[in-house]
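Pasting run_34.tsv here (TSV, N, CA, C and O atoms):
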chain	number	residue	atom	x	y	z
A	1	ALA	N	0.84	-1.18	0.00
A	1	ALA	CA	0.00	0.00	0.00
A	1	ALA	C	0.88	1.25	0.00
A	1	ALA	O	1.88	1.31	0.69
A	2	MET	N	0.48	2.23	-0.77
A	2	MET	CA	1.25	3.46	-0.87
A	2	MET	C	0.82	4.43	0.23
A	2	MET	O	-0.36	4.67	0.43
A	3	GLN	N	1.79	4.95	0.94
A	3	GLN	CA	1.48	5.88	2.02
A	3	GLN	C	1.79	7.31	1.57
A	3	GLN	O	2.76	7.54	0.86
A	4	CYS	N	1.00	8.22	2.01
A	4	CYS	CA	1.22	9.64	1.73
A	4	CYS	C	2.28	10.16	2.69
A	4	CYS	O	2.22	9.89	3.88
A	5	HIS	N	3.25	10.87	2.17
A	5	HIS	CA	4.28	11.46	3.03
A	5	HIS	C	3.62	12.46	3.97
A	5	HIS	O	2.89	13.34	3.53
A	6	GLY	N	3.88	12.34	5.24
A	6	GLY	CA	3.24	13.18	6.26
A	6	GLY	C	3.47	14.66	6.07
A	6	GLY	O	2.64	15.47	6.43
A	7	GLY	N	4.61	15.09	5.48
A	7	GLY	CA	4.91	16.50	5.35
A	7	GLY	C	4.27	17.18	4.17
A	7	GLY	O	4.15	18.39	4.13
A	8	LEU	N	3.85	16.43	3.16
A	8	LEU	CA	3.36	17.06	1.94
A	8	LEU	C	2.12	17.93	2.14
A	8	LEU	O	2.11	19.06	1.67
A	9	PRO	N	1.09	17.46	2.81
A	9	PRO	CA	-0.06	18.35	3.01
A	9	PRO	C	0.33	19.61	3.78
A	9	PRO	O	-0.13	20.69	3.48
A	10	SER	N	1.21	19.46	4.75
A	10	SER	CA	1.65	20.59	5.55
A	10	SER	C	2.41	21.60	4.68
A	10	SER	O	2.20	22.80	4.78
A	11	ILE	N	3.30	21.11	3.82
A	11	ILE	CA	4.07	22.00	2.95
A	11	ILE	C	3.14	22.74	2.01
A	11	ILE	O	3.28	23.95	1.81
A	12	GLY	N	2.16	22.03	1.43
A	12	GLY	CA	1.20	22.68	0.54
A	12	GLY	C	0.44	23.79	1.24
A	12	GLY	O	0.26	24.87	0.71
A	13	HIS	N	0.02	23.51	2.46
A	13	HIS	CA	-0.71	24.50	3.25
A	13	HIS	C	0.19	25.69	3.56
A	13	HIS	O	-0.23	26.84	3.45
A	14	THR	N	1.42	25.40	3.93
A	14	THR	CA	2.37	26.47	4.26
A	14	THR	C	2.66	27.33	3.04
A	14	THR	O	2.70	28.56	3.15
A	15	LEU	N	2.84	26.72	1.89
A	15	LEU	CA	3.11	27.50	0.68
A	15	LEU	C	1.93	28.40	0.33
A	15	LEU	O	2.11	29.53	-0.11
A	16	GLY	N	0.72	27.91	0.57
A	16	GLY	CA	-0.46	28.74	0.35
A	16	GLY	C	-0.47	29.95	1.27
A	16	GLY	O	-0.78	31.07	0.85
A	17	ARG	N	-0.10	29.73	2.52
A	17	ARG	CA	-0.05	30.84	3.49
A	17	ARG	C	1.05	31.83	3.10
A	17	ARG	O	0.87	33.04	3.24
A	18	LEU	N	2.18	31.31	2.63
A	18	LEU	CA	3.27	32.20	2.21
A	18	LEU	C	2.85	33.05	1.01
A	18	LEU	O	3.16	34.23	0.95
A	19	THR	N	2.15	32.44	0.07
A	19	THR	CA	1.67	33.18	-1.10
A	19	THR	C	0.75	34.31	-0.67
A	19	THR	O	0.87	35.44	-1.14
A	20	GLN	N	-0.16	34.02	0.26
A	20	GLN	CA	-1.06	35.05	0.77
A	20	GLN	C	-0.27	36.16	1.45
A	20	GLN	O	-0.56	37.35	1.27
A	21	LEU	N	0.73	35.79	2.22
A	21	LEU	CA	1.55	36.77	2.92
A	21	LEU	C	2.27	37.68	1.93
A	21	LEU	O	2.30	38.90	2.08
A	22	LEU	N	2.87	37.08	0.89
A	22	LEU	CA	3.63	37.86	-0.08
A	22	LEU	C	2.73	38.79	-0.88
A	22	LEU	O	3.18	39.83	-1.36
A	23	GLU	N	1.46	38.43	-1.03
A	23	GLU	CA	0.53	39.28	-1.76
A	23	GLU	C	-0.10	40.35	-0.88
A	23	GLU	O	-0.74	41.27	-1.37
A	24	SER	N	0.06	40.24	0.42
A	24	SER	CA	-0.54	41.21	1.33
A	24	SER	C	0.36	42.43	1.49
A	24	SER	O	1.48	42.46	1.00
A	25	ASP	N	-0.13	43.42	2.18
A	25	ASP	CA	0.64	44.63	2.40
A	25	ASP	C	1.50	44.55	3.66
A	25	ASP	O	2.35	45.39	3.88
A	26	ASP	N	1.29	43.55	4.51
A	26	ASP	CA	2.09	43.46	5.74
A	26	ASP	C	3.21	42.45	5.57
A	26	ASP	O	3.20	41.42	6.20
A	27	ASP	N	4.18	42.73	4.73
A	27	ASP	CA	5.27	41.78	4.47
A	27	ASP	C	6.29	41.79	5.60
A	27	ASP	O	7.47	42.00	5.37
A	28	ALA	N	5.87	41.55	6.78
A	28	ALA	CA	6.75	41.63	7.95
A	28	ALA	C	7.64	40.39	8.02
A	28	ALA	O	7.18	39.26	7.83
A	29	LEU	N	8.91	40.61	8.31
A	29	LEU	CA	9.87	39.53	8.45
A	29	LEU	C	9.42	38.53	9.51
A	29	LEU	O	9.47	37.32	9.30
A	30	GLN	N	8.94	39.01	10.63
A	30	GLN	CA	8.54	38.11	11.70
A	30	GLN	C	7.32	37.28	11.32
A	30	GLN	O	7.24	36.10	11.68
A	31	VAL	N	6.39	37.86	10.59
A	31	VAL	CA	5.22	37.11	10.16
A	31	VAL	C	5.65	35.99	9.23
A	31	VAL	O	5.21	34.84	9.36
A	32	LEU	N	6.55	36.28	8.29
A	32	LEU	CA	7.05	35.27	7.39
A	32	LEU	C	7.78	34.18	8.17
A	32	LEU	O	7.58	32.99	7.94
A	33	ALA	N	8.61	34.56	9.11
A	33	ALA	CA	9.33	33.60	9.93
A	33	ALA	C	8.36	32.70	10.70
A	33	ALA	O	8.56	31.48	10.77
A	34	ASP	N	7.30	33.27	11.24
A	34	ASP	CA	6.31	32.48	11.98
A	34	ASP	C	5.62	31.46	11.08
A	34	ASP	O	5.39	30.32	11.49
A	35	VAL	N	5.32	31.85	9.86
A	35	VAL	CA	4.68	30.92	8.92
A	35	VAL	C	5.64	29.77	8.60
A	35	VAL	O	5.25	28.61	8.61
A	36	ILE	N	6.89	30.10	8.34
A	36	ILE	CA	7.89	29.06	8.03
A	36	ILE	C	8.08	28.15	9.23
A	36	ILE	O	8.15	26.93	9.09
A	37	LEU	N	8.16	28.73	10.43
A	37	LEU	CA	8.37	27.94	11.64
A	37	LEU	C	7.22	26.98	11.93
A	37	LEU	O	7.39	25.99	12.63
A	38	SER	N	6.04	27.26	11.38
A	38	SER	CA	4.91	26.36	11.61
A	38	SER	C	5.03	25.07	10.81
A	38	SER	O	4.26	24.14	11.01
A	39	ASP	N	6.01	25.01	9.91
A	39	ASP	CA	6.24	23.82	9.09
A	39	ASP	C	7.67	23.34	9.31
A	39	ASP	O	8.61	23.98	8.84
A	40	VAL	N	7.83	22.23	10.00
A	40	VAL	CA	9.16	21.74	10.36
A	40	VAL	C	10.01	21.45	9.12
A	40	VAL	O	11.18	21.82	9.06
A	41	ALA	N	9.44	20.81	8.12
A	41	ALA	CA	10.20	20.45	6.92
A	41	ALA	C	10.69	21.71	6.19
A	41	ALA	O	11.83	21.77	5.73
A	42	LEU	N	9.84	22.70	6.09
A	42	LEU	CA	10.22	23.95	5.43
A	42	LEU	C	11.29	24.68	6.23
A	42	LEU	O	12.25	25.22	5.66
A	43	THR	N	11.18	24.68	7.54
A	43	THR	CA	12.19	25.29	8.40
A	43	THR	C	13.54	24.62	8.18
A	43	THR	O	14.56	25.30	8.00
A	44	GLN	N	13.55	23.29	8.15
A	44	GLN	CA	14.80	22.56	7.94
A	44	GLN	C	15.41	22.87	6.58
A	44	GLN	O	16.62	23.06	6.47
A	45	ARG	N	14.59	22.92	5.55
A	45	ARG	CA	15.10	23.23	4.20
A	45	ARG	C	15.70	24.62	4.15
A	45	ARG	O	16.76	24.84	3.56
A	46	LEU	N	15.00	25.59	4.72
A	46	LEU	CA	15.47	26.97	4.70
A	46	LEU	C	16.82	27.10	5.41
A	46	LEU	O	17.75	27.72	4.90
A	47	LEU	N	16.94	26.48	6.59
A	47	LEU	CA	18.20	26.55	7.33
A	47	LEU	C	19.31	25.82	6.59
A	47	LEU	O	20.46	26.27	6.58
A	48	LYS	N	18.98	24.72	5.93
A	48	LYS	CA	19.99	23.98	5.15
A	48	LYS	C	20.51	24.84	4.00
A	48	LYS	O	21.72	24.92	3.78
A	49	ILE	N	19.62	25.50	3.29
A	49	ILE	CA	20.03	26.38	2.19
A	49	ILE	C	20.85	27.54	2.71
A	49	ILE	O	21.88	27.90	2.13
A	50	ALA	N	20.41	28.16	3.80
A	50	ALA	CA	21.10	29.32	4.36
A	50	ALA	C	22.52	28.97	4.82
A	50	ALA	O	23.38	29.85	4.91
A	51	ASN	N	22.76	27.70	5.11
A	51	ASN	CA	24.08	27.27	5.57
A	51	ASN	C	24.97	26.74	4.45
A	51	ASN	O	26.04	26.22	4.72
A	52	THR	N	24.55	26.90	3.21
A	52	THR	CA	25.41	26.52	2.09
A	52	THR	C	26.39	27.64	1.81
A	52	THR	O	26.18	28.80	2.18
A	53	ILE	N	27.47	27.31	1.15
A	53	ILE	CA	28.56	28.26	0.91
A	53	ILE	C	28.11	29.57	0.25
A	53	ILE	O	28.53	30.64	0.69
A	54	PRO	N	27.24	29.56	-0.75
A	54	PRO	CA	26.88	30.85	-1.36
A	54	PRO	C	26.19	31.84	-0.41
A	54	PRO	O	26.25	33.04	-0.62
A	55	TYR	N	25.54	31.35	0.63
A	55	TYR	CA	24.77	32.23	1.52
A	55	TYR	C	25.43	32.49	2.87
A	55	TYR	O	25.27	33.55	3.44
A	56	ARG	N	26.10	31.52	3.39
A	56	ARG	CA	26.69	31.66	4.73
A	56	ARG	C	27.80	32.70	4.71
A	56	ARG	O	28.68	32.66	3.88
A	57	SER	N	27.75	33.62	5.64
A	57	SER	CA	28.68	34.75	5.61
A	57	SER	C	29.82	34.65	6.61
A	57	SER	O	30.62	35.55	6.70
A	58	GLY	N	29.91	33.60	7.35
A	58	GLY	CA	30.98	33.48	8.33
A	58	GLY	C	31.07	32.07	8.87
A	58	GLY	O	30.40	31.16	8.39
A	59	PRO	N	31.91	31.89	9.90
A	59	PRO	CA	32.09	30.55	10.45
A	59	PRO	C	30.90	30.03	11.26
A	59	PRO	O	30.76	28.83	11.45
A	60	GLN	N	30.06	30.93	11.73
A	60	GLN	CA	28.91	30.53	12.55
A	60	GLN	C	27.79	29.99	11.66
A	60	GLN	O	27.45	30.58	10.65
A	61	ALA	N	27.19	28.88	12.08
A	61	ALA	CA	26.04	28.33	11.36
A	61	ALA	C	24.82	29.23	11.54
A	61	ALA	O	24.66	29.87	12.57
A	62	VAL	N	24.00	29.29	10.52
A	62	VAL	CA	22.73	30.02	10.60
A	62	VAL	C	21.76	29.13	11.35
A	62	VAL	O	21.49	28.01	10.92
A	63	THR	N	21.24	29.61	12.47
A	63	THR	CA	20.39	28.76	13.31
A	63	THR	C	18.98	29.31	13.49
A	63	THR	O	18.14	28.66	14.11
A	64	THR	N	18.71	30.51	12.98
A	64	THR	CA	17.37	31.07	13.13
A	64	THR	C	16.76	31.35	11.76
A	64	THR	O	17.46	31.68	10.81
A	65	VAL	N	15.45	31.20	11.69
A	65	VAL	CA	14.74	31.44	10.45
A	65	VAL	C	14.85	32.90	10.04
A	65	VAL	O	15.04	33.20	8.86
A	66	THR	N	14.75	33.82	10.99
A	66	THR	CA	14.84	35.24	10.63
A	66	THR	C	16.19	35.57	10.00
A	66	THR	O	16.27	36.30	9.03
A	67	ARG	N	17.26	35.00	10.54
A	67	ARG	CA	18.60	35.22	9.97
A	67	ARG	C	18.68	34.61	8.57
A	67	ARG	O	19.24	35.20	7.65
A	68	ALA	N	18.11	33.44	8.40
A	68	ALA	CA	18.11	32.79	7.09
A	68	ALA	C	17.36	33.63	6.06
A	68	ALA	O	17.82	33.80	4.93
A	69	ILE	N	16.22	34.19	6.46
A	69	ILE	CA	15.44	35.04	5.55
A	69	ILE	C	16.25	36.27	5.18
A	69	ILE	O	16.28	36.68	4.02
A	70	MET	N	16.95	36.85	6.15
A	70	MET	CA	17.74	38.05	5.87
A	70	MET	C	18.90	37.72	4.93
A	70	MET	O	19.21	38.51	4.03
A	71	LEU	N	19.52	36.56	5.08
A	71	LEU	CA	20.62	36.17	4.20
A	71	LEU	C	20.15	35.89	2.78
A	71	LEU	O	20.78	36.30	1.81
A	72	LEU	N	19.07	35.15	2.66
A	72	LEU	CA	18.57	34.76	1.35
A	72	LEU	C	17.78	35.88	0.67
A	72	LEU	O	17.69	35.92	-0.54
A	73	GLY	N	17.20	36.73	1.47
A	73	GLY	CA	16.36	37.79	0.93
A	73	GLY	C	14.91	37.39	0.96
A	73	GLY	O	14.57	36.24	0.71
A	74	PHE	N	14.06	38.33	1.26
A	74	PHE	CA	12.62	38.07	1.42
A	74	PHE	C	12.04	37.46	0.15
A	74	PHE	O	11.30	36.49	0.21
A	75	ASP	N	12.36	38.02	-1.02
A	75	ASP	CA	11.79	37.52	-2.27
A	75	ASP	C	12.30	36.13	-2.61
A	75	ASP	O	11.57	35.32	-3.19
A	76	GLN	N	13.53	35.83	-2.27
A	76	GLN	CA	14.12	34.52	-2.55
A	76	GLN	C	13.42	33.44	-1.74
A	76	GLN	O	13.24	32.34	-2.23
A	77	VAL	N	13.07	33.74	-0.50
A	77	VAL	CA	12.39	32.78	0.36
A	77	VAL	C	11.02	32.51	-0.22
A	77	VAL	O	10.58	31.42	-0.37

Just give me the structure of the file as structure tokens.
Amino acid sequence: AMQCHGGLPSIGHTLGRLTQLLESDDDALQVLADVILSDVALTQRLLKIANTIPYRSGPQAVTTVTRAIMLLGFDQV
């Protein structure tokens, strides 16, 4: 029997919320971070990308979503 991956519905829901956020007038960094933090898989992906060589700006690992958003840029996220 084929099982549905537990994260997929959550990611779809999160992407919908992000789209609404980006289309709204309150593009607040913290609101975006809160939406991303509500989805564990998306949070992990964002932090993984932020810690790759093109984005990481120093020896310290990026450990917060807000820092990752600032490094990658709001539109990139």

Query raised in the report: CA of Arg56 in chain A and CA of Met70 in chain A are how many Å apart?
Result: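 Interatomic distance, CA of Arg56 in chain A to CA of Met70 in chain A: 11.1 Å.
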
Report task. Assign secondary structure with DSSP using the backbone only, and return the residues of range 21-75 of chain A in alpha helix (DSSP H) as a count of residues only. Result -> 31

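The two atoms in question, CA of Leu37 in chain A and CA of Thr66 in chain A, are spaced 9.8 Å apart.
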
Report summary line: Expressed in Å, the length from CA of Ile53 in chain A to CA of Asp34 in chain A is 25.2 Å

Requested in this report: Determine, counting all atoms listed in the file, which protein, DNA and RNA residues have an atom within 8 Å of an atom of Leu71 in chain A; residues of the same chain fewer than 2 positions away are not included. Present the result as a ChimeraX atom specification.
Outcome: /A:50,54-57,64-69,73-74
